[in-house]
>>> print(open('run_18.txt').read())   # compact mmCIF, C-alpha atoms
# COMPACT_ATOMS: atom_id res chain seq x y z
CA MET A 1 -18.22 -81.18 6.48
CA GLU A 2 -16.24 -83.69 4.41
CA SER A 3 -16.89 -85.77 1.32
CA LEU A 4 -15.45 -88.53 -0.86
CA VAL A 5 -15.91 -89.14 -4.58
CA VAL A 6 -16.45 -92.72 -5.78
CA ASN A 7 -15.19 -93.45 -9.28
CA TYR A 8 -16.74 -95.92 -11.72
CA GLY A 9 -14.90 -96.95 -14.87
CA GLY A 10 -12.14 -94.53 -13.99
CA LYS A 11 -14.48 -91.51 -13.89
CA PRO A 12 -16.18 -89.72 -10.97
CA CYS A 13 -19.57 -91.35 -10.39
CA TYR A 14 -21.07 -90.09 -7.12
CA GLU A 15 -20.20 -88.22 -3.96
CA ILE A 16 -20.40 -89.47 -0.39
CA MET A 17 -21.22 -86.51 1.85
CA PHE A 18 -20.66 -86.56 5.62
CA GLU A 19 -22.96 -84.03 7.27
CA LYS A 20 -24.32 -83.30 10.77
CA ASP A 21 -27.91 -82.62 9.60
CA PHE A 22 -30.07 -82.64 6.45
CA GLY A 23 -29.43 -78.95 5.75
CA GLY A 24 -27.19 -79.47 2.70
CA LEU A 25 -29.48 -81.96 0.97
CA SER A 26 -31.64 -79.58 -1.07
CA ASP A 27 -28.68 -77.72 -2.57
CA LYS A 28 -27.00 -80.98 -3.55
CA VAL A 29 -30.14 -82.43 -5.16
CA ARG A 30 -30.64 -79.16 -7.06
CA GLU A 31 -27.00 -79.30 -8.17
CA LEU A 32 -27.59 -82.80 -9.54
CA GLY A 33 -30.35 -81.43 -11.81
CA PHE A 34 -33.56 -82.56 -10.13
CA GLU A 35 -35.16 -79.18 -9.52
CA GLY A 36 -38.88 -79.41 -10.29
CA ARG A 37 -38.74 -83.18 -10.90
CA LYS A 38 -40.90 -85.72 -9.06
CA ILE A 39 -39.17 -87.16 -5.99
CA ALA A 40 -40.24 -90.34 -4.16
CA ILE A 41 -38.84 -90.89 -0.68
CA ILE A 42 -38.83 -94.63 0.05
CA THR A 43 -38.41 -95.33 3.75
CA ASP A 44 -39.69 -97.81 6.32
CA SER A 45 -42.30 -97.60 9.06
CA ASN A 46 -39.68 -96.94 11.75
CA VAL A 47 -37.55 -94.34 9.98
CA GLU A 48 -40.63 -92.54 8.60
CA LYS A 49 -41.55 -91.38 12.12
CA LEU A 50 -38.04 -90.08 12.78
CA TYR A 51 -36.81 -88.38 9.63
CA ALA A 52 -39.36 -88.37 6.78
CA LYS A 53 -40.73 -84.90 7.56
CA ASP A 54 -37.24 -83.36 7.82
CA VAL A 55 -36.19 -84.86 4.48
CA GLU A 56 -39.51 -83.93 2.85
CA GLY A 57 -39.00 -80.36 4.05
CA GLU A 58 -35.55 -80.15 2.50
CA LEU A 59 -36.57 -81.73 -0.80
CA SER A 60 -39.65 -79.49 -1.03
CA LYS A 61 -37.20 -76.61 -1.51
CA VAL A 62 -36.23 -78.31 -4.78
CA SER A 63 -39.60 -79.61 -5.99
CA ASP A 64 -43.29 -79.32 -5.14
CA LYS A 65 -43.78 -82.93 -6.24
CA VAL A 66 -42.37 -84.86 -3.27
CA LEU A 67 -44.08 -87.98 -1.92
CA THR A 68 -43.17 -90.47 0.80
CA TYR A 69 -43.89 -94.20 0.80
CA ALA A 70 -43.03 -96.40 3.80
CA ILE A 71 -42.51 -100.14 3.52
CA PRO A 72 -43.04 -102.25 6.67
CA ALA A 73 -39.80 -102.34 8.66
CA GLY A 74 -37.83 -105.59 8.89
CA GLU A 75 -35.77 -108.01 6.81
CA GLU A 76 -38.82 -110.26 6.41
CA ASN A 77 -40.33 -107.57 4.14
CA LYS A 78 -37.34 -107.45 1.81
CA ASN A 79 -39.10 -109.28 -1.00
CA LEU A 80 -40.53 -108.88 -4.48
CA LYS A 81 -44.09 -108.35 -3.23
CA GLU A 82 -43.00 -105.16 -1.48
CA ILE A 83 -41.05 -104.11 -4.58
CA GLU A 84 -44.28 -104.43 -6.59
CA LYS A 85 -45.91 -101.97 -4.19
CA ILE A 86 -43.10 -99.48 -4.81
CA TYR A 87 -43.59 -99.91 -8.57
CA LYS A 88 -47.32 -99.20 -8.08
CA VAL A 89 -46.56 -95.95 -6.22
CA LEU A 90 -44.19 -94.82 -8.99
CA ILE A 91 -46.61 -95.80 -11.78
CA ASP A 92 -49.63 -94.16 -10.11
CA SER A 93 -47.58 -90.97 -9.63
CA HIS A 94 -46.43 -91.02 -13.28
CA PHE A 95 -42.70 -91.16 -12.54
CA ASP A 96 -40.54 -91.08 -15.65
CA ARG A 97 -36.83 -91.60 -16.28
CA HIS A 98 -35.97 -88.02 -15.35
CA ASP A 99 -37.41 -88.30 -11.83
CA LEU A 100 -35.72 -89.36 -8.59
CA VAL A 101 -36.06 -92.02 -5.91
CA VAL A 102 -34.61 -91.32 -2.46
CA ALA A 103 -33.72 -94.24 -0.16
CA LEU A 104 -34.11 -93.04 3.44
CA GLY A 105 -33.23 -95.67 6.03
CA GLY A 106 -31.02 -98.65 6.73
CA GLY A 107 -29.68 -101.40 4.53
CA VAL A 108 -33.04 -103.01 3.76
CA VAL A 109 -34.52 -99.74 2.53
CA GLY A 110 -31.40 -98.89 0.52
CA ASP A 111 -31.32 -102.29 -1.15
CA MET A 112 -35.05 -102.23 -1.97
CA ALA A 113 -35.30 -98.62 -3.16
CA GLY A 114 -32.14 -99.16 -5.19
CA PHE A 115 -33.49 -102.33 -6.80
CA ALA A 116 -36.83 -100.67 -7.59
CA SER A 117 -34.90 -97.78 -9.18
CA ALA A 118 -32.68 -100.16 -11.16
CA THR A 119 -35.65 -101.99 -12.66
CA TYR A 120 -38.43 -99.37 -12.97
CA LEU A 121 -38.47 -98.18 -16.59
CA ARG A 122 -35.16 -100.08 -16.95
CA GLY A 123 -33.50 -97.71 -14.54
CA ILE A 124 -34.12 -94.29 -12.96
CA ASP A 125 -31.86 -92.23 -10.71
CA PHE A 126 -31.77 -92.66 -6.97
CA ILE A 127 -29.83 -91.32 -4.01
CA GLN A 128 -28.99 -92.97 -0.72
CA ILE A 129 -29.65 -91.31 2.66
CA PRO A 130 -28.45 -94.05 5.04
CA THR A 131 -29.55 -93.66 8.66
CA THR A 132 -27.89 -96.68 10.30
CA LEU A 133 -24.23 -97.43 10.95
CA LEU A 134 -24.45 -100.57 8.82
CA ALA A 135 -25.88 -98.64 5.86
CA GLN A 136 -23.49 -95.70 6.24
CA THR A 137 -20.35 -97.80 6.35
CA ASP A 138 -21.33 -100.61 4.02
CA SER A 139 -24.57 -101.16 2.11
CA SER A 140 -25.12 -97.61 0.77
CA ILE A 141 -21.78 -97.64 -1.08
CA GLY A 142 -21.02 -99.60 -4.23
CA GLY A 143 -24.33 -99.89 -6.05
CA LYS A 144 -25.43 -103.33 -4.87
CA THR A 145 -29.22 -103.54 -4.72
CA GLY A 146 -31.60 -106.44 -4.26
CA VAL A 147 -34.12 -108.46 -2.31
CA ASP A 148 -34.36 -111.86 -0.67
CA PHE A 149 -36.16 -114.68 -2.47
CA ASP A 150 -37.81 -117.35 -0.32
CA GLU A 151 -35.10 -118.18 2.23
CA TYR A 152 -32.26 -117.03 -0.02
CA LYS A 153 -30.72 -113.71 1.02
CA ASN A 154 -30.14 -111.05 -1.67
CA MET A 155 -30.69 -113.66 -4.38
CA VAL A 156 -32.41 -111.23 -6.79
CA GLY A 157 -30.71 -107.91 -7.48
CA ALA A 158 -28.83 -105.56 -9.76
CA PHE A 159 -25.83 -103.24 -9.70
CA HIS A 160 -27.19 -99.69 -9.88
CA MET A 161 -25.02 -96.79 -8.78
CA PRO A 162 -26.60 -93.99 -6.74
CA ARG A 163 -26.22 -90.37 -7.83
CA LEU A 164 -25.36 -89.35 -4.26
CA VAL A 165 -24.85 -90.84 -0.80
CA TYR A 166 -25.81 -88.26 1.83
CA MET A 167 -24.90 -89.21 5.39
CA ASN A 168 -26.34 -87.28 8.30
CA ILE A 169 -24.07 -88.69 11.02
CA SER A 170 -26.42 -87.45 13.77
CA THR A 171 -29.01 -90.09 12.76
CA LEU A 172 -26.80 -92.66 14.50
CA ASN A 173 -27.86 -91.14 17.84
CA SER A 174 -31.36 -92.55 17.35
CA LEU A 175 -30.16 -96.15 16.92
CA SER A 176 -30.74 -98.72 19.61
CA GLY A 177 -27.61 -100.22 21.14
CA ARG A 178 -28.25 -103.44 19.27
CA GLN A 179 -28.60 -101.74 15.86
CA TYR A 180 -25.51 -99.62 16.45
CA ALA A 181 -23.53 -102.76 17.33
CA SER A 182 -24.87 -104.48 14.22
CA GLY A 183 -23.26 -101.83 12.04
CA PHE A 184 -20.03 -102.03 13.96
CA ALA A 185 -19.54 -105.63 12.78
CA GLU A 186 -19.10 -104.35 9.21
CA VAL A 187 -16.71 -101.63 10.42
CA MET A 188 -14.58 -104.22 12.21
CA LYS A 189 -14.66 -106.37 9.07
CA HIS A 190 -13.18 -103.54 7.00
CA GLY A 191 -10.22 -103.29 9.36
CA LEU A 192 -9.69 -107.05 9.41
CA ILE A 193 -9.61 -107.42 5.62
CA LYS A 194 -7.81 -104.26 4.53
CA ASP A 195 -6.31 -102.10 7.27
CA ALA A 196 -4.60 -103.43 10.40
CA SER A 197 -3.95 -99.90 11.66
CA PHE A 198 -7.69 -99.09 11.44
CA TYR A 199 -8.45 -102.31 13.34
CA THR A 200 -5.99 -101.18 16.06
CA TRP A 201 -7.54 -97.68 16.07
CA LEU A 202 -10.98 -99.19 16.66
CA ILE A 203 -9.70 -101.07 19.69
CA GLU A 204 -7.93 -97.98 21.03
CA ASN A 205 -11.09 -95.87 20.65
CA MET A 206 -13.47 -98.50 21.96
CA TYR A 207 -15.04 -96.37 24.70
CA GLU A 208 -15.48 -93.28 22.53
CA ILE A 209 -17.15 -95.42 19.84
CA GLU A 210 -19.50 -96.95 22.39
CA ASP A 211 -20.36 -93.47 23.71
CA LYS A 212 -20.94 -92.20 20.14
CA ASP A 213 -18.41 -89.40 20.50
CA ALA A 214 -19.23 -87.24 17.46
CA ASP A 215 -15.65 -86.66 16.24
CA VAL A 216 -14.61 -90.28 16.73
CA VAL A 217 -17.75 -91.63 15.06
CA LEU A 218 -17.23 -89.34 12.06
CA GLU A 219 -13.63 -90.53 11.72
CA MET A 220 -14.74 -94.17 12.03
CA VAL A 221 -17.48 -93.84 9.40
CA LYS A 222 -15.26 -91.90 6.99
CA ARG A 223 -12.34 -94.34 7.24
CA SER A 224 -14.67 -97.30 6.80
CA CYS A 225 -16.14 -95.66 3.70
CA GLU A 226 -12.65 -95.01 2.33
CA ILE A 227 -11.85 -98.71 2.61
CA LYS A 228 -15.05 -99.79 0.89
CA LYS A 229 -14.65 -97.09 -1.78
CA ALA A 230 -11.17 -98.36 -2.66
CA VAL A 231 -12.43 -101.94 -3.00
CA VAL A 232 -15.52 -101.18 -5.11
CA GLU A 233 -13.61 -98.81 -7.41
CA LYS A 234 -11.17 -101.60 -8.21
CA ASP A 235 -13.92 -104.19 -8.77
CA PRO A 236 -17.36 -102.54 -9.11
CA THR A 237 -19.32 -105.66 -10.12
CA GLU A 238 -17.61 -108.26 -7.91
CA LYS A 239 -15.58 -110.14 -10.49
CA GLY A 240 -12.59 -110.36 -8.15
CA ASP A 241 -11.32 -108.48 -5.10
CA ARG A 242 -14.71 -107.02 -4.14
CA ALA A 243 -15.54 -110.48 -2.81
CA LEU A 244 -13.13 -109.71 0.05
CA LEU A 245 -15.94 -107.57 1.51
CA ASN A 246 -17.79 -110.84 2.11
CA PHE A 247 -15.46 -111.79 4.97
CA GLY A 248 -17.70 -113.31 7.62
CA HIS A 249 -20.69 -113.43 5.27
CA THR A 250 -20.50 -117.01 3.93
CA LEU A 251 -21.38 -118.64 7.23
CA GLY A 252 -22.88 -115.38 8.54
CA HIS A 253 -25.64 -115.36 5.93
CA ALA A 254 -26.30 -119.05 6.54
CA ILE A 255 -26.59 -118.46 10.29
CA GLU A 256 -28.91 -115.52 9.61
CA LYS A 257 -31.22 -117.77 7.57
CA ALA A 258 -30.97 -120.72 9.95
CA LYS A 259 -32.03 -118.46 12.85
CA GLY A 260 -35.00 -117.16 10.89
CA PHE A 261 -33.58 -113.61 10.86
CA SER A 262 -34.03 -113.37 14.63
CA LEU A 263 -30.44 -112.08 14.88
CA THR A 264 -29.35 -108.82 13.26
CA HIS A 265 -27.22 -108.92 10.13
CA GLY A 266 -24.24 -107.56 12.06
CA GLU A 267 -24.58 -110.16 14.80
CA CYS A 268 -24.43 -112.88 12.16
CA VAL A 269 -21.49 -111.21 10.39
CA ALA A 270 -19.62 -111.12 13.71
CA LEU A 271 -20.21 -114.85 14.17
CA GLY A 272 -19.16 -115.47 10.57
CA CYS A 273 -15.97 -113.42 11.04
CA ILE A 274 -15.08 -115.48 14.09
CA ALA A 275 -15.69 -118.72 12.17
CA ALA A 276 -13.59 -117.51 9.23
CA ALA A 277 -10.78 -116.42 11.58
CA PHE A 278 -10.95 -119.86 13.24
CA ILE A 279 -10.52 -121.57 9.86
CA SER A 280 -7.64 -119.18 9.07
CA TRP A 281 -5.97 -120.24 12.32
CA LYS A 282 -6.51 -123.94 11.71
CA LYS A 283 -5.01 -123.55 8.22
CA GLU A 284 -1.97 -122.00 9.97
CA LEU A 285 -2.47 -118.66 8.23
CA ILE A 286 -2.82 -116.62 11.43
CA ALA A 287 -1.56 -117.36 14.93
CA MET A 288 -3.76 -118.75 17.69
CA GLU A 289 -3.31 -115.49 19.63
CA GLU A 290 -4.59 -113.48 16.65
CA TYR A 291 -7.66 -115.67 16.37
CA TYR A 292 -8.56 -115.26 20.04
CA GLU A 293 -7.95 -111.51 19.89
CA ILE A 294 -10.28 -111.21 16.89
CA ARG A 295 -12.92 -113.29 18.64
CA ASP A 296 -12.70 -111.45 21.94
CA MET A 297 -12.71 -107.97 20.39
CA PHE A 298 -16.33 -108.37 19.33
CA VAL A 299 -17.37 -108.69 23.00
CA PRO A 300 -16.81 -105.07 24.15
CA PHE A 301 -18.76 -103.89 21.11
CA ASN A 302 -21.78 -105.92 22.29
CA LEU A 303 -21.61 -108.47 19.50
CA PRO A 304 -22.05 -112.22 20.06
CA ILE A 305 -19.23 -114.75 19.89
CA SER A 306 -21.52 -117.77 20.21
CA VAL A 307 -25.00 -118.78 19.12
CA GLU A 308 -27.51 -121.33 20.43
CA ASP A 309 -29.95 -123.80 18.89
CA LEU A 310 -28.18 -124.48 15.62
CA GLU A 311 -27.09 -127.67 13.92
CA PRO A 312 -23.81 -127.25 11.99
CA SER A 313 -25.02 -129.48 9.15
CA ASP A 314 -28.06 -127.24 8.60
CA VAL A 315 -25.86 -124.16 8.37
CA ILE A 316 -23.43 -125.85 5.96
CA LYS A 317 -26.33 -126.92 3.73
CA LEU A 318 -27.49 -123.31 3.51
CA THR A 319 -24.04 -122.11 2.37
CA LYS A 320 -24.43 -124.19 -0.80
CA SER A 321 -27.46 -122.18 -1.90
CA ASP A 322 -25.80 -118.83 -1.18
CA LYS A 323 -25.30 -116.54 -4.18
CA LYS A 324 -21.59 -116.40 -3.28
CA ALA A 325 -21.11 -120.07 -4.19
CA ASP A 326 -18.89 -120.65 -7.23
CA GLY A 327 -20.21 -123.73 -8.97
CA ASP A 328 -19.81 -126.59 -6.50
CA LYS A 329 -17.23 -124.65 -4.51
CA ILE A 330 -17.91 -122.42 -1.54
CA LYS A 331 -16.10 -119.10 -1.91
CA PHE A 332 -14.59 -118.30 1.48
CA ILE A 333 -12.72 -115.19 2.55
CA LEU A 334 -9.86 -115.99 4.93
CA LEU A 335 -7.09 -113.97 6.57
CA LYS A 336 -3.39 -114.21 5.80
CA LYS A 337 -2.96 -111.78 8.67
CA ILE A 338 -4.96 -108.99 10.25
CA GLY A 339 -5.48 -106.42 7.51
CA LYS A 340 -4.90 -108.83 4.61
CA ALA A 341 -7.65 -111.13 3.33
CA PHE A 342 -7.83 -113.44 0.31
CA ILE A 343 -10.34 -115.62 -1.53
CA ASP A 344 -10.16 -119.36 -0.82
CA THR A 345 -12.26 -122.06 -2.52
CA THR A 346 -10.65 -125.02 -0.73
CA VAL A 347 -12.50 -124.81 2.62
CA THR A 348 -13.98 -128.23 3.33
CA GLU A 349 -17.23 -129.16 5.05
CA ASP A 350 -15.18 -130.62 7.90
CA GLU A 351 -13.42 -127.27 8.37
CA MET A 352 -16.74 -125.43 8.35
CA ASP A 353 -18.16 -127.97 10.79
CA ALA A 354 -15.24 -127.43 13.19
CA ALA A 355 -15.61 -123.64 12.96
CA LEU A 356 -19.34 -123.81 13.62
CA LYS A 357 -18.82 -126.07 16.61
CA GLU A 358 -16.45 -123.40 17.95
CA ILE A 359 -19.24 -120.78 17.97
CA ILE A 360 -22.36 -122.87 18.65
CA TYR A 361 -23.13 -122.95 22.35
CA VAL A 362 -24.48 -126.24 23.68
CA GLU A 363 -25.84 -126.16 27.22
CA ASN A 364 -24.08 -128.50 29.66
CA GLY A 365 -21.59 -129.31 26.92
CA ASP A 366 -23.84 -132.01 25.44
>>> encode(input="run_18.txt", output="C-alpha cells")
Amino acid sequence: MESLVVNYGGKPCYEIMFEKDFGGLSDKVRELGFEGRKIAIITDSNVEKLYAKDVEGELSKVSDKVLTYAIPAGEENKNLKEIEKIYKVLIDSHFDRHDLVVALGGGVVGDMAGFASATYLRGIDFIQIPTTLLAQTDSSIGGKTGVDFDEYKNMVGAFHMPRLVYMNISTLNSLSGRQYASGFAEVMKHGLIKDASFYTWLIENMYEIEDKDADVVLEMVKRSCEIKKAVVEKDPTEKGDRALLNFGHTLGHAIEKAKGFSLTHGECVALGCIAAAFISWKKELIAMEEYYEIRDMFVPFNLPISVEDLEPSDVIKLTKSDKKADGDKIKFILLKKIGKAFIDTTVTEDEMDAALKEIIYVENGD
C-alpha cells in the first residue's frame, strides 16, 4: 500500500501508512525499535470488541508484554479522571520511557492515549491506529492531544508527535452511517480551506464515497491526509496557518457543547462550516451561489444543515470560553473563495447571531 512521511522541524518525524489490514503492523513496530518492550493498547469499549484481538495478535509477534485497556466509549468520558486510570494501568505494569502506548480507535481514544503518553514520565512514545474516518483524516495527524475540562472542549492538552500512524482502511466498513458521515465533515473542510479541486472531486464521487468504494475511499483519505500534513508541517504548534484547520470549529464546538454532545463532532463541524460560509458571504468574500452550494453539499453526505432547540446567545457565549479565542477576540476562519481560507478576528456578535439564526430551525417560524 501507500504511505506519507510527516516532517517536524524540517526533518522526517513519522510515517502515515495506508493499509488494508493489520498485517504490516508488527514489522513496522519492530522496525521502530520496540521489540521486546512493553506495549499498552489503549482503546474504547466499542472498538475493543472489534479490533483489539487482531491488534494484540500482531503486536504479540513483537513482544510478549502486550496489554489492552479499554476506556468507556463516548466524548463524555474524555476527561482527566479517565486519564488517571490510564496512568494507573501504566504504573501498575511498570512502563518506563522505552515502552510504547498504542491508540486504537477514533478521535477520543487518540487524543486521550496521546495525552497520557505526553504526560506519563514526561513523555513516552505512542503510535496511532485510527479506526474512524474522522480520526484517519484529521485527529490522528499533527500531534494534538488532550481532554475536555468541565464543559470546555480540548481545554487541557499537549503537542506530542506519534512515532507512527497506521491506517487500516477496512476498519471504515464497520462504522455506522452516522459515524462515517461525521468524519466526512472534516474531509469536506479540508477541500474548502485548501483545495478547490479536491472539493469538486468529492462532489463528483459522492455516490462512490457513500458506498465506501475501496479505491475511492483510499484516494479520499490519502488526499485529505496530504492536505493536513502540509498544514501541520508548516505550523506544527498552531502559531499561525494551522488555525485554518479550525474552519467550522469556532461555532461548531460551541454548538457541540450547547447540545450536550448529543450531536457528533462532524455534525457540529458541518453546521459550523455552514455558519462560517454564511458570514463569508455576508462579508462579500464569496458569492451567494457559493454559500448555498457549500450548505447544500452537506445534505447528500447525511450531514445536518440546521439544528433545533438552541438559543444563539447561548452559543455565542460559549465561543468566548473556547481555547481558540485570542484575548477578547474570537478567532474565526472564513473563506476568500472555495479552497482558500484565512484567519479573521473582526467577526462581530451580530454577525455570529445572524449566522446562527440561518442554521437554527424554529418550528412554525416562531
>>> atom_distance(input="run_18.txt", atom1="atom CA of A:Asp64", atom2="atom CA of A:Glu35")
9.2 Å
>>> atom_distance(input="run_18.txt", atom1="atom CA of A:Ile279", atom2="atom CA of A:Gln179")
27.5 Å
>>> closest_residue(input="run_18.txt", among="A:Ile71, A:Ala287, A:Met1, A:Leu90", to="A:Lys336", atoms="only C-alpha atoms")
A:Ala287
>>> atom_distance(input="run_18.txt", atom1="atom CA of A:Arg37", atom2="atom CA of A:Asp99")
5.4 Å
>>> axis_aligned_box(input="run_18.txt", around="stretch 256-269 of chain A", padding_each_side="8 Å", output="JSON")
{"center_x": -28.2, "center_y": -114.1, "center_z": 11.2, "size_x": 29.5, "size_y": 29.2, "size_z": 23.3}
>>> residues_around(input="run_18.txt", residues="stretch 100-117 of chain A", least_positions_apart="5", cutoff="8 Å", atoms="all atoms listed in the file", output="MDAnalysis selection string")
chainID A and resid 34 37:44 47 52 74:75 78 83 86:87 123:132 134:135 139:140 143:147 157:158 160 162
>>> residues_near_point(input="run_18.txt", point="(-12.3, -102.5, 8.6)", cutoff="9 Å", atoms="all atoms listed in the file", output="MDAnalysis selection string")
chainID A and resid 185:196 198:199 202 223:224 227:228 339
>>> closest_residue(input="run_18.txt", among="A:Ile359, A:Asp235, A:Leu285, A:Val299", to="A:Glu210", atoms="only C-alpha atoms")
A:Val299
>>> closest_residue(input="run_18.txt", among="A:Tyr291, A:Tyr120, A:Phe184, A:Phe301", to="A:Tyr207", atoms="all atoms listed in the file")
A:Phe301
>>> closest_residue(input="run_18.txt", among="A:Thr250, A:Asn154, A:Gln136, A:Ser197", to="A:Ser170", atoms="all atoms listed in the file")
A:Gln136
>>> decode(input="run_18.txt", residues="stretch 133-202 of chain A", atoms="C-alpha atoms", output="short mmCIF file (atom, residue, chain, number, x, y, z; two decimals), in the first residue's frame")
data_model
loop_
_atom_site.label_atom_id
_atom_site.label_comp_id
_atom_site.auth_asym_id
_atom_site.auth_seq_id
_atom_site.Cartn_x
_atom_site.Cartn_y
_atom_site.Cartn_z
CA LEU A 133 -12.90 8.37 9.15
CA LEU A 134 -12.63 11.41 11.41
CA ALA A 135 -9.51 10.06 13.12
CA GLN A 136 -7.90 8.84 9.89
CA THR A 137 -8.31 12.12 8.05
CA ASP A 138 -7.89 14.57 10.89
CA SER A 139 -7.24 13.91 14.58
CA SER A 140 -4.52 11.23 14.27
CA ILE A 141 -2.23 13.57 12.31
CA GLY A 142 -0.33 16.51 13.76
CA GLY A 143 0.35 15.58 17.37
CA LYS A 144 -2.54 17.36 19.06
CA THR A 145 -3.60 15.50 22.20
CA GLY A 146 -5.91 16.42 25.06
CA VAL A 147 -9.08 16.10 27.07
CA ASP A 148 -12.16 18.16 27.84
CA PHE A 149 -12.37 20.02 31.15
CA ASP A 150 -15.84 20.62 32.59
CA GLU A 151 -17.81 21.89 29.59
CA TYR A 152 -14.72 23.16 27.77
CA LYS A 153 -13.68 21.00 24.81
CA ASN A 154 -9.99 20.04 24.48
CA MET A 155 -9.06 22.66 27.07
CA VAL A 156 -6.23 20.59 28.60
CA GLY A 157 -3.67 19.06 26.24
CA ALA A 158 -0.20 18.88 24.78
CA PHE A 159 1.52 18.59 21.42
CA HIS A 160 3.07 15.12 21.27
CA MET A 161 4.00 13.61 17.93
CA PRO A 162 3.27 9.92 17.32
CA ARG A 163 6.00 7.58 16.11
CA LEU A 164 3.65 6.11 13.51
CA VAL A 165 0.11 6.48 12.17
CA TYR A 166 -1.10 3.11 10.89
CA MET A 167 -4.38 3.23 8.98
CA ASN A 168 -6.25 0.03 8.21
CA ILE A 169 -8.73 1.49 5.71
CA SER A 170 -11.00 -1.58 6.02
CA THR A 171 -11.97 -0.52 9.57
CA LEU A 172 -14.19 2.13 7.97
CA ASN A 173 -16.54 -0.67 6.86
CA SER A 174 -17.57 -1.23 10.48
CA LEU A 175 -18.66 2.39 11.02
CA SER A 176 -22.30 3.29 11.32
CA GLY A 177 -23.64 5.64 8.66
CA ARG A 178 -23.73 8.44 11.19
CA GLN A 179 -20.10 7.98 12.29
CA TYR A 180 -18.90 7.72 8.69
CA ALA A 181 -20.72 10.97 7.86
CA SER A 182 -19.19 12.61 10.93
CA GLY A 183 -15.71 12.03 9.54
CA PHE A 184 -16.73 13.27 6.13
CA ALA A 185 -17.35 16.75 7.57
CA GLU A 186 -13.61 17.08 8.25
CA VAL A 187 -12.80 15.79 4.75
CA MET A 188 -15.09 18.40 3.20
CA LYS A 189 -13.47 21.04 5.41
CA HIS A 190 -10.03 20.22 4.01
CA GLY A 191 -11.27 20.83 0.47
CA LEU A 192 -12.99 24.07 1.42
CA ILE A 193 -9.94 25.59 3.11
CA LYS A 194 -7.10 24.36 0.90
CA ASP A 195 -8.06 22.57 -2.31
CA ALA A 196 -10.98 23.55 -4.55
CA SER A 197 -10.22 20.69 -6.94
CA PHE A 198 -10.47 18.16 -4.07
CA TYR A 199 -13.79 19.73 -3.05
CA THR A 200 -15.02 19.27 -6.65
CA TRP A 201 -13.70 15.68 -6.68
CA LEU A 202 -15.68 14.89 -3.53
#
